[in-house]
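Raw upload.cif, mmCIF, C-alpha atoms:
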```cif
data_protein
loop_
_atom_site.label_atom_id
_atom_site.label_comp_id
_atom_site.auth_asym_id
_atom_site.auth_seq_id
_atom_site.Cartn_x
_atom_site.Cartn_y
_atom_site.Cartn_z
CA MET A 1 -86.76 266.49 1.74
CA ALA A 2 -84.52 268.25 -0.81
CA VAL A 3 -81.43 266.78 0.87
CA LYS A 4 -82.96 263.33 0.78
CA LEU A 5 -83.73 263.59 -2.95
CA VAL A 6 -80.21 264.78 -3.73
CA CYS A 7 -78.77 261.82 -1.83
CA LEU A 8 -81.04 259.39 -3.69
CA PHE A 9 -80.02 260.91 -6.99
CA LEU A 10 -76.34 260.45 -6.14
CA LEU A 11 -77.05 256.85 -5.17
CA LEU A 12 -78.71 256.18 -8.52
CA LEU A 13 -76.04 257.74 -10.69
CA PRO A 14 -73.99 254.49 -11.14
CA LEU A 15 -77.07 252.81 -12.63
CA LEU A 16 -77.68 255.46 -15.25
CA SER A 17 -76.42 254.96 -18.77
CA SER A 18 -72.74 255.68 -19.28
CA SER A 19 -73.76 257.99 -22.10
CA GLN A 20 -75.55 260.18 -19.56
CA ASP A 21 -72.32 260.46 -17.57
CA GLU A 22 -70.32 261.45 -20.62
CA LYS A 23 -72.78 263.75 -22.41
CA PRO A 24 -74.27 267.02 -21.13
CA THR A 25 -77.84 266.53 -19.88
CA CYS A 26 -80.52 268.51 -21.74
CA LEU A 27 -83.28 270.28 -19.90
CA LYS A 28 -86.77 269.16 -20.82
CA SER A 29 -87.48 272.50 -22.36
CA ALA A 30 -84.34 272.42 -24.46
CA SER A 31 -84.64 271.66 -28.16
CA THR A 32 -81.20 272.63 -29.43
CA CYS A 33 -79.08 269.84 -27.92
CA SER A 34 -76.06 268.63 -29.81
CA ASP A 35 -76.72 265.98 -32.41
CA SER A 36 -73.17 264.62 -32.10
CA GLU A 37 -74.46 261.48 -30.35
CA GLY A 38 -75.86 260.19 -33.65
CA ASN A 39 -79.53 259.46 -34.21
CA ARG A 40 -81.18 261.56 -31.50
CA GLU A 41 -84.92 262.03 -30.98
CA GLU A 42 -85.85 264.73 -28.49
CA ASN A 43 -88.91 264.27 -26.23
CA SER A 44 -89.19 260.70 -27.44
CA PRO A 45 -92.39 258.77 -26.62
CA ALA A 46 -90.11 255.81 -25.84
CA CYS A 47 -88.75 257.92 -22.98
CA ASN A 48 -92.21 259.07 -21.85
CA SER A 49 -91.41 262.44 -23.45
CA ASN A 50 -89.04 263.02 -20.53
CA GLY A 51 -85.83 262.44 -22.43
CA ALA A 52 -84.08 261.98 -25.75
CA LEU A 53 -83.78 258.62 -27.51
CA VAL A 54 -80.17 258.22 -28.63
CA ASN A 55 -79.17 255.05 -30.50
CA GLY A 56 -81.97 253.09 -28.85
CA ALA A 57 -81.34 254.25 -25.27
CA CYS A 58 -82.97 257.05 -23.28
CA GLN A 59 -81.01 260.06 -22.03
CA CYS A 60 -83.29 261.59 -19.45
CA TYR A 61 -83.86 265.27 -18.87
CA GLN A 62 -83.53 266.50 -15.30
CA PRO A 63 -85.09 265.58 -12.91
CA TYR A 64 -86.16 262.25 -14.54
CA ILE A 65 -84.37 258.91 -14.27
CA GLY A 66 -85.07 255.29 -15.19
CA GLN A 67 -84.71 253.19 -18.29
CA HIS A 68 -87.64 255.00 -19.89
CA CYS A 69 -87.30 258.23 -17.87
CA GLN A 70 -90.39 257.19 -15.95
CA ILE A 71 -89.28 258.33 -12.47
CA ASP A 72 -89.54 261.95 -11.35
CA LEU A 73 -87.05 262.68 -8.56
CA THR A 74 -89.13 265.63 -7.39
CA THR A 75 -92.19 263.44 -6.71
CA THR A 76 -92.68 261.38 -3.59
CA PHE A 77 -94.13 257.89 -3.75
CA ASP A 78 -95.84 255.56 -1.34
CA ARG A 79 -94.71 252.44 -3.23
CA ASP A 80 -92.18 250.14 -1.59
CA ASP A 81 -89.87 247.25 -2.53
CA ARG A 82 -92.74 244.84 -3.09
CA PHE A 83 -93.37 246.49 -6.45
CA CYS A 84 -89.83 245.60 -7.53
CA ARG A 85 -90.21 241.82 -7.15
CA GLU A 86 -91.75 239.35 -9.59
CA GLY A 87 -92.77 237.19 -6.65
CA PRO A 88 -92.74 237.28 -2.85
CA SER A 89 -89.31 235.61 -2.64
CA ALA A 90 -87.88 236.95 -5.90
CA PRO A 91 -84.79 239.19 -5.72
CA LEU A 92 -85.22 242.90 -6.11
CA CYS A 93 -85.28 243.81 -9.79
CA SER A 94 -84.15 240.25 -10.62
CA GLY A 95 -80.75 241.12 -9.14
CA ARG A 96 -80.09 243.31 -12.17
CA GLY A 97 -80.99 246.75 -10.93
CA LEU A 98 -81.92 249.04 -8.08
CA CYS A 99 -85.40 249.54 -6.64
CA PHE A 100 -86.26 253.19 -6.17
CA GLN A 101 -89.60 253.84 -4.49
CA GLY A 102 -91.28 250.86 -6.18
CA ASP A 103 -89.69 251.16 -9.62
CA CYS A 104 -86.77 249.15 -10.96
CA ILE A 105 -83.87 250.99 -12.55
CA CYS A 106 -81.97 248.38 -14.54
CA ARG A 107 -78.21 248.22 -14.30
CA SER A 108 -76.21 249.56 -17.24
CA LEU A 109 -73.71 247.18 -18.79
CA GLN A 110 -70.22 247.75 -20.10
CA ASN A 111 -71.21 246.71 -23.62
CA PRO A 112 -73.49 249.49 -24.94
CA ASN A 113 -75.28 246.99 -27.19
CA GLU A 114 -76.33 244.84 -24.24
CA ARG A 115 -79.08 245.87 -21.85
CA TYR A 116 -81.52 244.65 -19.26
CA SER A 117 -85.17 245.63 -19.57
CA GLY A 118 -88.64 244.87 -18.26
CA THR A 119 -90.63 245.93 -15.22
CA PHE A 120 -88.37 243.84 -13.00
CA CYS A 121 -85.26 243.96 -15.24
CA GLU A 122 -86.12 240.34 -16.02
CA CYS A 123 -85.33 240.60 -19.74
CA SER A 124 -82.13 240.94 -21.68
CA ASN A 125 -81.21 241.28 -25.34
CA PHE A 126 -78.14 239.04 -25.14
CA ASP A 127 -78.97 235.99 -22.99
CA CYS A 128 -80.17 233.79 -25.89
CA PRO A 129 -78.95 230.57 -27.56
CA HIS A 130 -75.93 230.82 -29.83
CA HIS A 131 -75.18 228.91 -33.04
CA ASN A 132 -71.75 228.95 -34.68
CA HIS A 133 -70.67 231.37 -31.93
CA ARG A 134 -73.29 233.91 -33.04
CA LEU A 135 -76.26 235.13 -31.05
CA CYS A 136 -79.41 233.55 -32.53
CA GLY A 137 -77.20 232.15 -35.28
CA GLY A 138 -76.92 235.61 -36.80
CA HIS A 139 -80.42 235.10 -38.20
CA GLY A 140 -82.57 236.72 -35.54
CA LYS A 141 -82.66 238.99 -32.54
CA CYS A 142 -82.73 238.27 -28.83
CA GLU A 143 -85.84 239.46 -27.03
CA CYS A 144 -86.20 238.75 -23.33
CA GLY A 145 -84.06 235.62 -23.48
CA GLN A 146 -85.66 234.14 -26.60
CA CYS A 147 -84.61 234.30 -30.23
CA VAL A 148 -87.05 235.92 -32.64
CA CYS A 149 -85.91 234.49 -35.97
CA ASP A 150 -85.75 236.27 -39.30
CA ASN A 151 -87.96 235.08 -42.14
CA ASP A 152 -86.93 231.65 -43.53
CA TRP A 153 -85.20 230.68 -40.27
CA THR A 154 -86.43 228.65 -37.31
CA ASN A 155 -85.32 226.66 -34.21
CA GLU A 156 -84.64 228.13 -30.80
CA ASP A 157 -81.26 229.40 -32.01
CA CYS A 158 -82.43 230.36 -35.54
CA SER A 159 -80.04 227.79 -37.00
CA CYS A 160 -82.51 226.05 -39.31
CA SER A 161 -83.31 227.41 -42.75
CA THR A 162 -86.83 226.80 -44.07
CA ASN A 163 -85.75 227.63 -47.63
CA THR A 164 -86.04 224.55 -49.86
CA THR A 165 -84.00 225.80 -52.84
CA SER A 166 -81.01 223.62 -51.94
CA CYS A 167 -83.32 220.57 -51.71
CA MET A 168 -84.87 220.96 -55.17
CA ALA A 169 -84.28 218.00 -57.49
CA SER A 170 -83.89 218.17 -61.27
CA ASN A 171 -87.59 217.34 -61.64
CA GLN A 172 -88.43 220.42 -59.52
CA GLN A 173 -89.63 218.27 -56.65
CA VAL A 174 -88.34 218.79 -53.14
CA CYS A 175 -85.91 215.95 -52.44
CA ASN A 176 -87.18 214.18 -55.58
CA GLY A 177 -90.34 213.29 -53.69
CA ARG A 178 -88.23 210.70 -51.85
CA GLY A 179 -87.38 212.55 -48.66
CA MET A 180 -87.89 215.62 -46.51
CA CYS A 181 -86.04 218.92 -46.60
CA GLN A 182 -84.83 219.74 -43.09
CA CYS A 183 -82.80 222.88 -42.46
CA GLY A 184 -81.77 223.11 -46.10
CA SER A 185 -80.70 219.45 -46.47
CA CYS A 186 -82.55 216.39 -47.73
CA ARG A 187 -83.25 213.48 -45.39
CA CYS A 188 -83.81 210.71 -47.93
CA GLU A 189 -86.01 207.65 -47.65
CA PRO A 190 -83.98 204.43 -48.13
CA PRO A 191 -82.69 203.31 -50.55
CA TYR A 192 -82.51 206.82 -52.06
CA ALA A 193 -79.48 208.96 -51.36
CA GLY A 194 -77.60 212.02 -52.55
CA PRO A 195 -78.05 215.75 -51.95
CA THR A 196 -81.55 215.70 -53.50
CA CYS A 197 -82.43 211.98 -53.09
CA GLU A 198 -81.93 211.25 -56.80
CA ASN A 199 -79.32 208.52 -56.38
CA CYS A 200 -80.52 204.95 -55.95
CA PRO A 201 -77.85 202.29 -56.54
CA THR A 202 -80.28 199.44 -55.91
CA CYS A 203 -83.17 200.82 -57.97
CA MET A 204 -82.39 199.16 -61.31
CA GLY A 205 -85.74 197.41 -60.99
CA LEU A 206 -87.40 200.82 -61.32
CA CYS A 207 -85.54 201.45 -64.59
CA GLN A 208 -86.50 198.05 -65.95
CA THR A 209 -90.13 198.49 -64.92
CA HIS A 210 -90.59 201.58 -67.07
CA ALA A 211 -88.02 200.97 -69.85
CA ASP A 212 -90.41 199.48 -72.44
CA CYS A 213 -92.96 202.28 -71.91
CA VAL A 214 -90.25 204.92 -72.22
CA ASP A 215 -88.98 203.29 -75.40
CA CYS A 216 -92.40 203.31 -77.04
CA ARG A 217 -93.53 206.70 -75.75
CA ALA A 218 -90.30 208.56 -76.59
CA PHE A 219 -89.07 206.64 -79.66
CA GLY A 220 -91.99 204.55 -80.94
CA LYS A 221 -89.98 201.37 -80.51
CA GLY A 222 -89.82 198.35 -78.29
CA PRO A 223 -92.12 195.44 -77.42
CA LYS A 224 -94.97 197.75 -76.31
CA LYS A 225 -95.06 200.03 -79.35
CA ASP A 226 -98.33 198.49 -80.58
CA THR A 227 -100.03 198.78 -77.17
CA CYS A 228 -98.25 201.92 -76.03
CA GLU A 229 -101.28 204.15 -75.69
CA ALA A 230 -103.16 201.63 -73.59
CA GLU A 231 -100.29 200.45 -71.39
CA CYS A 232 -98.01 203.45 -71.10
CA ASN A 233 -100.25 206.49 -71.06
CA TYR A 234 -99.58 206.78 -67.29
CA LEU A 235 -96.15 208.31 -67.96
CA ILE A 236 -95.90 212.10 -67.79
CA LEU A 237 -93.14 212.51 -70.35
CA THR A 238 -90.58 215.32 -70.61
CA LYS A 239 -87.88 215.30 -73.30
CA VAL A 240 -84.44 216.85 -72.94
CA ALA A 241 -81.56 217.06 -75.41
CA SER A 242 -79.07 214.60 -73.95
CA LYS A 243 -78.23 212.46 -70.94
CA VAL A 244 -76.15 215.27 -69.40
CA ASP A 245 -79.44 217.06 -68.75
CA ILE A 246 -80.59 214.20 -66.52
CA ARG A 247 -79.23 213.66 -63.04
CA ALA A 248 -78.49 209.97 -62.25
CA PRO A 249 -80.30 208.58 -65.35
CA CYS A 250 -81.33 205.01 -66.08
CA ARG A 251 -79.37 203.47 -69.00
CA MET A 252 -81.34 200.92 -70.97
CA ILE A 253 -80.95 199.31 -74.38
CA SER A 254 -83.54 199.22 -77.13
CA HIS A 255 -83.71 195.73 -78.65
CA GLU A 256 -84.85 197.06 -82.02
CA ASP A 257 -81.83 199.22 -82.81
CA SER A 258 -79.40 198.12 -80.03
CA CYS A 259 -79.03 201.76 -78.97
CA TYR A 260 -78.82 202.90 -75.38
CA PHE A 261 -81.35 205.47 -74.19
CA TYR A 262 -81.37 207.43 -70.95
CA PHE A 263 -84.18 208.53 -68.66
CA SER A 264 -85.13 209.17 -65.07
CA VAL A 265 -88.35 208.40 -63.22
CA SER A 266 -89.89 210.13 -60.23
CA GLN A 267 -93.21 210.17 -58.45
CA SER A 268 -95.49 213.02 -57.44
CA PRO A 269 -99.14 213.33 -56.44
CA ALA A 270 -99.84 214.03 -60.13
CA GLY A 271 -98.40 210.69 -61.24
CA THR A 272 -95.23 209.12 -62.65
CA HIS A 273 -92.86 211.60 -64.27
CA CYS A 274 -90.28 210.53 -66.84
CA THR A 275 -87.49 212.71 -68.21
CA VAL A 276 -85.90 211.14 -71.29
CA ALA A 277 -82.90 212.16 -73.39
CA GLN A 278 -83.67 212.41 -77.09
CA ALA A 279 -80.08 211.58 -78.04
CA LYS A 280 -79.24 207.88 -77.96
CA ASP A 281 -75.88 206.11 -77.83
CA CYS A 282 -75.77 203.81 -80.80
CA PRO A 283 -73.03 201.37 -81.89
#
```
Rewrite the structure of this file - the entire thing - as structure tokens.
Amino acid sequence: MAVKLVCLFLLLLPLLSSSQDEKPTCLKSASTCSDSEGNREENSPACNSNGALVNGACQCYQPYIGQHCQIDLTTTFDRDDRFCREGPSAPLCSGRGLCFQGDCICRSLQNPNERYSGTFCECSNFDCPHHNHRLCGGHGKCECGQCVCDNDWTNEDCSCSTNTTSCMASNQQVCNGRGMCQCGSCRCEPPYAGPTCENCPTCMGLCQTHADCVDCRAFGKGPKKDTCEAECNYLILTKVASKVDIRAPCRMISHEDSCYFYFSVSQSPAGTHCTVAQAKDCP
């Protein structure tokens, strides 16, 4: 029996971590192993207390082996290869490891940051979608073939930002209330356009519709000044210093003083918002 176990151990050596081949193996009772490997946790629960956890990988104490040091070479088992298959016709250990008395020992890879895992070695931490040549777009981690995205990122490759800051219009509405923010960019409803859906080359009718109410509400002038409270109270008015503080403003003329005034109009569930520049352009 001892000869058989030694032979099995020699057979399994190529599947053990390369770090186990290069570093001295600690006995289970040892507690003074070198810390030169980096972040080392002796008797780690992740290794079933049968090894040390070094940089995320188990280094097993003798006579234990396996990805989590779960196999005792001194113990005999009655389990067979059936316990190493996900299904009746599935390959042993998903073709990624060796079956030893009913337990899969996953194959070590050349890249120390890449590894197979799982009961049948069915998982990996590198076989996930890429975006811009980066695993999970650089905004998530690969777990068993699927990207687990960081906060504010989504999609199967973590390529889509859910942050709406870049979609915020000057009126503090997402996409000016005229579109949807998708992956950090506005998708505007026609005829609106621009990075935040505030440009509308064919929307002069909108400017003309509200011009008289803006003139009376902001300046007390225009044809509706006597009926302003009754007709124009719907406007939620905000005043700014000059037209440079308004993105894509309407430019209308007041017939009382022949001065140009500037404003923008947007919609929200609260009503019609108007931002008007207090400074006029007068002849």
Practice problem: Please evaluate the PyMOL selection byres ((chain A and resi 183-188) around 12) against the structure above and give the resulting residues as a ChimeraX atom specification. | Solution: /A:152-155,158-169,173-182,189-200
Just C-alpha atoms for this one: save the residues we selected as a tab-separated table (two decimals), in the frame of the given file.
```
chain	number	residue	atom	x	y	z
A	152	ASP	CA	-86.93	231.65	-43.53
A	153	TRP	CA	-85.20	230.68	-40.27
A	154	THR	CA	-86.43	228.65	-37.31
A	155	ASN	CA	-85.32	226.66	-34.21
A	158	CYS	CA	-82.43	230.36	-35.54
A	159	SER	CA	-80.04	227.79	-37.00
A	160	CYS	CA	-82.51	226.05	-39.31
A	161	SER	CA	-83.31	227.41	-42.75
A	162	THR	CA	-86.83	226.80	-44.07
A	163	ASN	CA	-85.75	227.63	-47.63
A	164	THR	CA	-86.04	224.55	-49.86
A	165	THR	CA	-84.00	225.80	-52.84
A	166	SER	CA	-81.01	223.62	-51.94
A	167	CYS	CA	-83.32	220.57	-51.71
A	168	MET	CA	-84.87	220.96	-55.17
A	169	ALA	CA	-84.28	218.00	-57.49
A	173	GLN	CA	-89.63	218.27	-56.65
A	174	VAL	CA	-88.34	218.79	-53.14
A	175	CYS	CA	-85.91	215.95	-52.44
A	176	ASN	CA	-87.18	214.18	-55.58
A	177	GLY	CA	-90.34	213.29	-53.69
A	178	ARG	CA	-88.23	210.70	-51.85
A	179	GLY	CA	-87.38	212.55	-48.66
A	180	MET	CA	-87.89	215.62	-46.51
A	181	CYS	CA	-86.04	218.92	-46.60
A	182	GLN	CA	-84.83	219.74	-43.09
A	189	GLU	CA	-86.01	207.65	-47.65
A	190	PRO	CA	-83.98	204.43	-48.13
A	191	PRO	CA	-82.69	203.31	-50.55
A	192	TYR	CA	-82.51	206.82	-52.06
A	193	ALA	CA	-79.48	208.96	-51.36
A	194	GLY	CA	-77.60	212.02	-52.55
A	195	PRO	CA	-78.05	215.75	-51.95
A	196	THR	CA	-81.55	215.70	-53.50
A	197	CYS	CA	-82.43	211.98	-53.09
A	198	GLU	CA	-81.93	211.25	-56.80
A	199	ASN	CA	-79.32	208.52	-56.38
A	200	CYS	CA	-80.52	204.95	-55.95
```
Exercise. Using the chain letters and residue numbers of this document, give as an MDAnalysis selection string the residues selected by the PyMOL selection byres ((chain A and resi 113) around 12).
Key: chainID A and resid 17 55:57 108:112 114:116 124:126 142
Include C-alpha atoms and write out the residues we just selected as an mmCIF file, in the coordinates of the input.
```cif
data_model
loop_
_atom_site.group_PDB
_atom_site.id
_atom_site.type_symbol
_atom_site.label_atom_id
_atom_site.label_comp_id
_atom_site.auth_asym_id
_atom_site.auth_seq_id
_atom_site.Cartn_x
_atom_site.Cartn_y
_atom_site.Cartn_z
ATOM 1 C CA SER A 17 -76.420 254.960 -18.770
ATOM 2 C CA ASN A 55 -79.170 255.050 -30.500
ATOM 3 C CA GLY A 56 -81.970 253.090 -28.850
ATOM 4 C CA ALA A 57 -81.340 254.250 -25.270
ATOM 5 C CA SER A 108 -76.210 249.560 -17.240
ATOM 6 C CA LEU A 109 -73.710 247.180 -18.790
ATOM 7 C CA GLN A 110 -70.220 247.750 -20.100
ATOM 8 C CA ASN A 111 -71.210 246.710 -23.620
ATOM 9 C CA PRO A 112 -73.490 249.490 -24.940
ATOM 10 C CA GLU A 114 -76.330 244.840 -24.240
ATOM 11 C CA ARG A 115 -79.080 245.870 -21.850
ATOM 12 C CA TYR A 116 -81.520 244.650 -19.260
ATOM 13 C CA SER A 124 -82.130 240.940 -21.680
ATOM 14 C CA ASN A 125 -81.210 241.280 -25.340
ATOM 15 C CA PHE A 126 -78.140 239.040 -25.140
ATOM 16 C CA CYS A 142 -82.730 238.270 -28.830
#
```
Give me the residues near Arg40 (chain A) as a compact mmCIF listing (two decimals) with C-alpha atoms, keeping the file's coordinate frame, where near means some atom within 8 Å (using only C-alpha atoms) and where sequence neighbours in that chain fewer than 6 positions away do not count.
```
# COMPACT_ATOMS: atom_id res chain seq x y z
CA ALA A 52 -84.08 261.98 -25.75
CA LEU A 53 -83.78 258.62 -27.51
CA VAL A 54 -80.17 258.22 -28.63
CA ASN A 55 -79.17 255.05 -30.50
```
Box centre and edge lengths (Å, one decimal), axis-aligned, region 216-232 of chain A plus 3 Å each side, as AutoDock Vina command-line options:
```
--center_x -96.1 --center_y 202.0 --center_z -76.0 --size_x 20.1 --size_y 19.1 --size_z 15.8
```
Exercise. Could you tell me which of A:Ser170, A:His255, A:Leu73, A:Asn233 comes closest to Lys221 (chain A) if we count all atoms listed in the file?
Key: A:His255
Quiz item: Residues at most 7 Å from region 264-276 of chain A, counting all atoms listed in the file, excluding those fewer than 6 positions away in the same chain, as a PyMOL selection string?
Solution: chain A and resi 176-177+234-240+246+249-250
Pull C-alpha atoms from the residues just selected and write them as a PDB file, in the frame of the given file.
```pdb
ATOM      1  CA  ASN A 176     -87.180 214.180 -55.580  1.00  0.00           C
ATOM      2  CA  GLY A 177     -90.340 213.290 -53.690  1.00  0.00           C
ATOM      3  CA  TYR A 234     -99.580 206.780 -67.290  1.00  0.00           C
ATOM      4  CA  LEU A 235     -96.150 208.310 -67.960  1.00  0.00           C
ATOM      5  CA  ILE A 236     -95.900 212.100 -67.790  1.00  0.00           C
ATOM      6  CA  LEU A 237     -93.140 212.510 -70.350  1.00  0.00           C
ATOM      7  CA  THR A 238     -90.580 215.320 -70.610  1.00  0.00           C
ATOM      8  CA  LYS A 239     -87.880 215.300 -73.300  1.00  0.00           C
ATOM      9  CA  VAL A 240     -84.440 216.850 -72.940  1.00  0.00           C
ATOM     10  CA  ILE A 246     -80.590 214.200 -66.520  1.00  0.00           C
ATOM     11  CA  PRO A 249     -80.300 208.580 -65.350  1.00  0.00           C
ATOM     12  CA  CYS A 250     -81.330 205.010 -66.080  1.00  0.00           C
TER      13      CYS A 250
END
```
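Shortest atom-to-atom contact with Glu156 (chain A) among A:Val244, A:Ser89, A:Glu122, A:Leu135: A:Leu135, counting all atoms listed in the file.
The space separating CA of Asp72 (chain A) from CA of Leu92 (chain A) comes to 20.2 Å.
Taking CA of Thr202 (chain A) and CA of Asn171 (chain A) as the two end points, the separation is 20.2 Å.
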